[in-house]
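Q: Input file: coords-v4.txt. Contents: compact mmCIF, C-alpha atoms.
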# COMPACT_ATOMS: atom_id res chain seq x y z
CA MET A 1 54.90 -14.44 -70.20
CA LEU A 2 55.48 -11.88 -67.45
CA HIS A 3 52.41 -10.33 -65.88
CA LYS A 4 52.41 -6.56 -65.74
CA GLN A 5 52.40 -5.25 -62.20
CA LYS A 6 49.17 -3.50 -61.37
CA ARG A 7 49.63 0.23 -61.61
CA LYS A 8 49.09 2.01 -58.32
CA THR A 9 46.31 4.54 -58.16
CA ARG A 10 47.06 8.10 -57.11
CA ARG A 11 45.24 7.42 -53.84
CA GLU A 12 47.53 4.45 -53.15
CA ARG A 13 50.60 6.54 -53.94
CA LEU A 14 49.38 9.27 -51.57
CA ILE A 15 48.96 6.71 -48.80
CA GLU A 16 52.55 5.56 -49.39
CA VAL A 17 53.66 9.18 -48.99
CA GLY A 18 51.68 9.33 -45.74
CA LEU A 19 53.29 6.13 -44.46
CA ASP A 20 56.70 7.67 -45.01
CA LEU A 21 55.81 11.04 -43.46
CA PHE A 22 54.07 9.63 -40.39
CA SER A 23 56.88 7.12 -39.80
CA ARG A 24 59.30 10.06 -39.46
CA HIS A 25 57.06 12.73 -37.93
CA SER A 26 54.19 12.82 -35.45
CA TYR A 27 50.66 13.66 -36.60
CA ASP A 28 50.92 17.22 -35.30
CA GLU A 29 54.23 17.80 -37.05
CA VAL A 30 52.83 17.00 -40.50
CA ALA A 31 50.96 19.79 -42.27
CA ILE A 32 48.80 19.55 -45.39
CA ASP A 33 51.48 21.58 -47.20
CA ASP A 34 54.06 18.93 -46.27
CA ILE A 35 51.90 16.13 -47.66
CA ALA A 36 51.20 17.97 -50.92
CA ALA A 37 54.90 18.86 -51.33
CA ALA A 38 56.06 15.30 -50.64
CA ALA A 39 53.52 13.95 -53.14
CA ASN A 40 54.37 16.69 -55.66
CA ILE A 41 50.73 17.67 -56.09
CA SER A 42 48.59 20.70 -55.28
CA LYS A 43 46.70 20.99 -52.01
CA GLY A 44 43.49 21.10 -54.05
CA LEU A 45 44.19 17.67 -55.53
CA LEU A 46 45.04 16.28 -52.11
CA TYR A 47 41.71 17.59 -50.78
CA TYR A 48 39.96 15.86 -53.67
CA TYR A 49 41.07 12.50 -52.29
CA PHE A 50 41.12 13.37 -48.60
CA PRO A 51 38.93 16.27 -47.40
CA THR A 52 41.01 16.79 -44.22
CA LYS A 53 44.37 15.82 -42.75
CA HIS A 54 42.44 13.65 -40.31
CA ASP A 55 40.80 11.73 -43.18
CA PHE A 56 44.21 11.26 -44.77
CA TYR A 57 45.69 10.02 -41.49
CA LEU A 58 42.84 7.53 -40.99
CA ALA A 59 43.39 6.14 -44.49
CA VAL A 60 47.13 5.79 -43.82
CA LEU A 61 46.43 4.16 -40.46
CA ARG A 62 43.94 1.67 -41.96
CA HIS A 63 46.48 0.75 -44.61
CA SER A 64 49.25 0.42 -42.03
CA THR A 65 47.22 -1.77 -39.66
CA SER A 66 46.12 -3.94 -42.61
CA GLN A 67 49.80 -4.41 -43.43
CA LEU A 68 50.51 -5.31 -39.80
CA LEU A 69 47.73 -7.90 -39.67
CA GLU A 70 48.86 -9.35 -42.98
CA LEU A 71 52.52 -9.56 -41.91
CA THR A 72 51.55 -11.28 -38.66
CA GLU A 73 48.98 -13.64 -40.22
CA PRO A 74 49.36 -16.99 -38.43
CA ASP A 75 51.06 -19.78 -40.38
CA THR A 76 48.73 -22.71 -39.68
CA SER A 77 51.39 -25.21 -40.81
CA LEU A 78 53.38 -24.38 -37.65
CA GLU A 79 52.81 -25.69 -34.14
CA PRO A 80 50.82 -23.17 -32.03
CA LEU A 81 53.78 -21.93 -29.94
CA GLU A 82 56.04 -21.53 -32.97
CA ARG A 83 53.18 -19.83 -34.82
CA LEU A 84 52.86 -17.37 -31.94
CA ARG A 85 56.63 -16.80 -31.83
CA VAL A 86 56.82 -16.05 -35.57
CA GLY A 87 53.85 -13.66 -35.27
CA LEU A 88 55.42 -11.82 -32.34
CA LEU A 89 58.74 -11.43 -34.17
CA ALA A 90 56.89 -9.95 -37.14
CA TYR A 91 54.95 -7.64 -34.81
CA PHE A 92 58.09 -6.33 -33.09
CA THR A 93 59.79 -5.86 -36.46
CA PHE A 94 56.84 -3.81 -37.68
CA ALA A 95 56.84 -1.71 -34.50
CA GLU A 96 60.56 -1.04 -34.96
CA MET A 97 60.15 -0.04 -38.62
CA HIS A 98 57.34 2.40 -37.79
CA ALA A 99 58.55 3.32 -34.32
CA ARG A 100 57.64 7.02 -34.24
CA THR A 101 54.04 6.54 -35.39
CA TYR A 102 53.62 3.40 -33.29
CA VAL A 103 54.76 5.12 -30.10
CA ALA A 104 52.64 8.22 -30.75
CA LEU A 105 49.53 6.11 -31.33
CA LEU A 106 49.84 3.91 -28.28
CA ARG A 107 50.81 6.74 -25.95
CA GLY A 108 47.81 8.89 -26.77
CA GLY A 109 48.02 11.96 -28.97
CA VAL A 110 45.73 11.43 -31.92
CA GLY A 111 45.09 7.94 -30.53
CA VAL A 112 42.40 9.38 -28.24
CA ASP A 113 40.34 10.11 -31.36
CA PRO A 114 37.33 7.71 -31.45
CA GLU A 115 37.93 6.67 -35.08
CA VAL A 116 41.60 6.01 -34.45
CA ALA A 117 40.74 4.10 -31.27
CA ALA A 118 38.24 1.96 -33.23
CA ILE A 119 40.93 0.99 -35.73
CA LEU A 120 43.36 0.07 -32.94
CA ASN A 121 40.70 -1.89 -31.06
CA HIS A 122 39.94 -3.87 -34.23
CA VAL A 123 43.63 -4.85 -34.42
CA ARG A 124 43.70 -5.82 -30.74
CA GLN A 125 40.56 -7.94 -31.02
CA THR A 126 41.96 -9.65 -34.11
CA TYR A 127 45.01 -10.65 -32.07
CA VAL A 128 42.83 -11.89 -29.22
CA GLU A 129 40.94 -14.14 -31.66
CA ARG A 130 44.18 -15.40 -33.19
CA VAL A 131 45.58 -16.36 -29.79
CA LEU A 132 42.32 -18.07 -28.84
CA GLN A 133 42.33 -20.07 -32.08
CA GLY A 134 45.83 -21.33 -31.28
CA LEU A 135 44.70 -22.82 -27.96
CA PRO A 136 43.14 -26.27 -27.47
CA GLU A 137 39.36 -26.25 -27.38
CA SER A 138 39.37 -27.25 -23.70
CA GLU A 139 41.42 -24.19 -22.75
CA ARG A 140 39.19 -21.83 -24.71
CA GLN A 141 36.44 -22.67 -22.23
CA LEU A 142 38.38 -21.31 -19.23
CA PRO A 143 36.52 -18.55 -17.39
CA ALA A 144 37.95 -15.09 -17.99
CA LEU A 145 40.30 -16.37 -20.71
CA ARG A 146 39.28 -13.77 -23.30
CA LEU A 147 39.72 -11.00 -20.73
CA ALA A 148 43.14 -12.32 -19.76
CA ILE A 149 44.31 -12.53 -23.38
CA THR A 150 43.03 -9.00 -24.02
CA GLY A 151 45.21 -7.92 -21.08
CA TRP A 152 48.14 -9.87 -22.53
CA VAL A 153 47.78 -8.04 -25.88
CA GLY A 154 48.04 -4.79 -23.90
CA PHE A 155 51.12 -6.19 -22.17
CA VAL A 156 52.75 -6.91 -25.56
CA GLU A 157 52.07 -3.32 -26.62
CA ALA A 158 53.61 -1.95 -23.40
CA LEU A 159 56.54 -4.33 -23.77
CA SER A 160 57.20 -3.16 -27.31
CA LEU A 161 57.06 0.51 -26.25
CA ALA A 162 59.64 -0.07 -23.50
CA TRP A 163 61.81 -2.06 -25.90
CA LEU A 164 61.74 0.67 -28.55
CA GLU A 165 63.12 3.09 -25.96
CA GLU A 166 65.89 0.88 -24.60
CA HIS A 167 66.51 -2.09 -26.94
CA GLN A 168 68.02 -4.06 -24.06
CA LEU A 169 66.72 -7.36 -25.45
CA SER A 170 66.79 -8.89 -28.90
CA LYS A 171 63.47 -9.42 -30.70
CA GLU A 172 63.86 -13.15 -30.03
CA GLN A 173 64.23 -12.55 -26.28
CA LEU A 174 61.28 -10.17 -26.36
CA ALA A 175 59.09 -12.76 -28.08
CA GLU A 176 60.17 -15.40 -25.56
CA LEU A 177 59.25 -13.10 -22.66
CA ALA A 178 55.81 -12.45 -24.18
CA ILE A 179 55.21 -16.18 -24.71
CA ARG A 180 56.27 -17.08 -21.15
CA THR A 181 53.93 -14.41 -19.80
CA LEU A 182 51.01 -15.77 -21.83
CA LEU A 183 51.68 -19.34 -20.69
CA ALA A 184 51.94 -18.21 -17.07
CA THR A 185 48.62 -16.38 -17.43
CA ILE A 186 46.89 -19.47 -18.83
CA THR A 187 48.43 -21.67 -16.11
CA SER A 188 47.14 -19.25 -13.46
CA LEU A 189 43.65 -19.46 -14.92
CA HIS A 190 43.85 -23.26 -14.81
CA GLU A 191 44.85 -23.15 -11.14
CA GLN A 192 42.04 -20.73 -10.30
CA GLY A 193 39.57 -22.98 -12.08
CA SER A 194 40.80 -26.05 -10.21
CA SER A 195 40.70 -24.36 -6.78
CA SER A 196 37.15 -23.10 -7.33
CA ARG A 197 35.77 -26.59 -7.95
Represent the structure of the file as structure tokens.
A:
Amino acid sequence: MLHKQKRKTRRERLIEVGLDLFSRHSYDEVAIDDIAAAANISKGLLYYYFPTKHDFYLAVLRHSTSQLLELTEPDTSLEPLERLRVGLLAYFTFAEMHARTYVALLRGGVGVDPEVAAILNHVRQTYVERVLQGLPESERQLPALRLAITGWVGFVEALSLAWLEEHQLSKEQLAELAIRTLLATITSLHEQGSSSR
């Protein structure tokens, strides 16, 4: 017997509308009237679910980042490097699909908002933990490793921004560049640790 698909709530449908709007327009370009018109509802009903455009945007952003984390969830059946490669490919694909919003967020704009920044920082820290979990226990003990991986996550963001502008590399080449940079960073930490003994 086929299971009936769970019916989406109005709130979920509104968030889908927001995902579409914010993937094509920046935060400042989208007005409450645009959201209500795209959802085919009154502004009053929209305000019932989301008191302000900012509240609506935060809900859309939380949903979007949850999707990103889910799509890039590590496959523990893979070897660590391949697991990282698959996750990076999924990340770059997501960035490409939501390019306009992604670029606006990481380059500032509404991203300077403390609540938006908190959501983005949660995503970054999740990636730091995922990378750490993929490393051998002995390497996790390296001094400054967490700081270095946090910097590497920032590098991946900057890399994806540059790539979205120019597309000079394939996603596979981009992932390989990110992996080589991470391995070089870890090797450097090893060498620093050895020289300080």
Q: Quote the spacing between CA of Ala175 (chain A) and CA of Val123 (chain A) in Å to one decimal place.
A: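 Straight-line distance from CA of Ala175 (chain A) to CA of Val123 (chain A) works out to 18.5 Å.
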Q: Tell me, as a ChimeraX atom specification, which residues lie within 9 Å of Ala38 (chain A), counting all atoms listed in the file; anything in the same chain fewer than 6 positions away does not count.
A: /A:17-18,21
Q: Given all atoms listed in the file as the basis, pick out the residue of A:Ile179, A:Val86, A:Leu58, A:Leu69 nearest to Ile119 (chain A).
A: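 Of the candidates, the smallest distance to Ile119 (chain A) is held by A:Leu58.
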Q: Using all atoms listed in the file, find the one residue out of A:Phe92, A:Phe50, A:Phe155, A:Tyr127 that sits nearest to Leu174 (chain A).
A: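 Among A:Phe92, A:Phe50, A:Phe155, A:Tyr127, it is A:Phe92 that comes nearest to Leu174 (chain A).
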Q: Mind pulling up the distance from CA of Glu172 (chain A) to CA of Asp75 (chain A)?
A: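 Computing it gives 17.7 Å between the two atoms.
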Q: Which residues are near Lys53 (chain A)? Cut-off 12 Å, all atoms listed in the file, ignore same chain within fewer than 6 positions. Put them as JSON, numbers by chain.
A: {"A": [15, 18, 22, 27, 28, 29, 30, 31, 32, 33, 34, 35, 36, 43, 46, 47, 59, 60, 110]}
Q: Would you save the residues from that selection as a compact mmCIF listing (two decimals), keeping the file's coordinate frame, using C-alpha atoms?
A:
# COMPACT_ATOMS: atom_id res chain seq x y z
CA ILE A 15 48.96 6.71 -48.80
CA GLY A 18 51.68 9.33 -45.74
CA PHE A 22 54.07 9.63 -40.39
CA TYR A 27 50.66 13.66 -36.60
CA ASP A 28 50.92 17.22 -35.30
CA GLU A 29 54.23 17.80 -37.05
CA VAL A 30 52.83 17.00 -40.50
CA ALA A 31 50.96 19.79 -42.27
CA ILE A 32 48.80 19.55 -45.39
CA ASP A 33 51.48 21.58 -47.20
CA ASP A 34 54.06 18.93 -46.27
CA ILE A 35 51.90 16.13 -47.66
CA ALA A 36 51.20 17.97 -50.92
CA LYS A 43 46.70 20.99 -52.01
CA LEU A 46 45.04 16.28 -52.11
CA TYR A 47 41.71 17.59 -50.78
CA ALA A 59 43.39 6.14 -44.49
CA VAL A 60 47.13 5.79 -43.82
CA VAL A 110 45.73 11.43 -31.92
Q: Please report the interatomic distance between CA of Thr9 (chain A) and CA of Gly44 (chain A) in Å with one decimal.
A: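 Computing it gives 17.3 Å between the two atoms.
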Q: Excluding Ser188 (chain A) and residues on its chain fewer than 2 positions from it, collect all residues at most 12 Å away from it, counting all atoms listed in the file, and give them as a list in words.
A: Glu139, Leu142, Pro143, Ala144, Leu145, Ala148, Thr181, Leu182, Leu183, Ala184, Thr185, Ile186, His190, Glu191, Gln192, Gly193, Ser194 and Ser195 of chain A
Q: Mind dumping the selected residues with C-alpha atoms as a short mmCIF file (atom, residue, chain, number, x, y, z; two decimals), keeping the file's coordinate frame?
A:
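That gives us result_19.cif:
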data_model
loop_
_atom_site.label_atom_id
_atom_site.label_comp_id
_atom_site.auth_asym_id
_atom_site.auth_seq_id
_atom_site.Cartn_x
_atom_site.Cartn_y
_atom_site.Cartn_z
CA GLU A 139 41.42 -24.19 -22.75
CA LEU A 142 38.38 -21.31 -19.23
CA PRO A 143 36.52 -18.55 -17.39
CA ALA A 144 37.95 -15.09 -17.99
CA LEU A 145 40.30 -16.37 -20.71
CA ALA A 148 43.14 -12.32 -19.76
CA THR A 181 53.93 -14.41 -19.80
CA LEU A 182 51.01 -15.77 -21.83
CA LEU A 183 51.68 -19.34 -20.69
CA ALA A 184 51.94 -18.21 -17.07
CA THR A 185 48.62 -16.38 -17.43
CA ILE A 186 46.89 -19.47 -18.83
CA HIS A 190 43.85 -23.26 -14.81
CA GLU A 191 44.85 -23.15 -11.14
CA GLN A 192 42.04 -20.73 -10.30
CA GLY A 193 39.57 -22.98 -12.08
CA SER A 194 40.80 -26.05 -10.21
CA SER A 195 40.70 -24.36 -6.78
#
Q: For each of A:Gln168, A:Gln125, A:Thr93, A:Thr76, take the minimum atom-to-atom distance to Arg146 (chain A), counting all atoms listed in the file, then give the residue where this is smallest.
A: A:Gln125
Q: Restricting the calculation to only C-alpha atoms: of A:Leu81, A:Ile149, A:Leu89, A:Leu61, which residue gets closest to Ala117 (chain A)?
A: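 The answer is A:Leu61, which sits nearest to Ala117 (chain A).
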Q: Choose the residue, out of A:Tyr91, A:Arg24, A:Tyr57, A:Arg13, that has the smallest atom-to-atom separation from Ala178 (chain A); count all atoms listed in the file.
A: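 Of A:Tyr91, A:Arg24, A:Tyr57, A:Arg13, the one nearest Ala178 (chain A), counting all atoms listed in the file, is A:Tyr91.
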Q: With all atoms listed in the file as the atoms that count, which of A:Leu135, A:Val128, A:Ala162, A:Leu78 lies nearest to Arg107 (chain A)?
A: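 Residue with the minimum atom-to-atom distance to Arg107 (chain A): A:Ala162.
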Q: Can you tell me, as JSON, the centre and edge lengths (Å, one decimal) of the axis-aligned box enclosing all of region 150-167 of chain A's listed atoms after padding each side by 4 Å?
A:
{"center_x": 54.8, "center_y": -3.4, "center_z": -24.8, "size_x": 31.5, "size_y": 21.0, "size_z": 15.5}
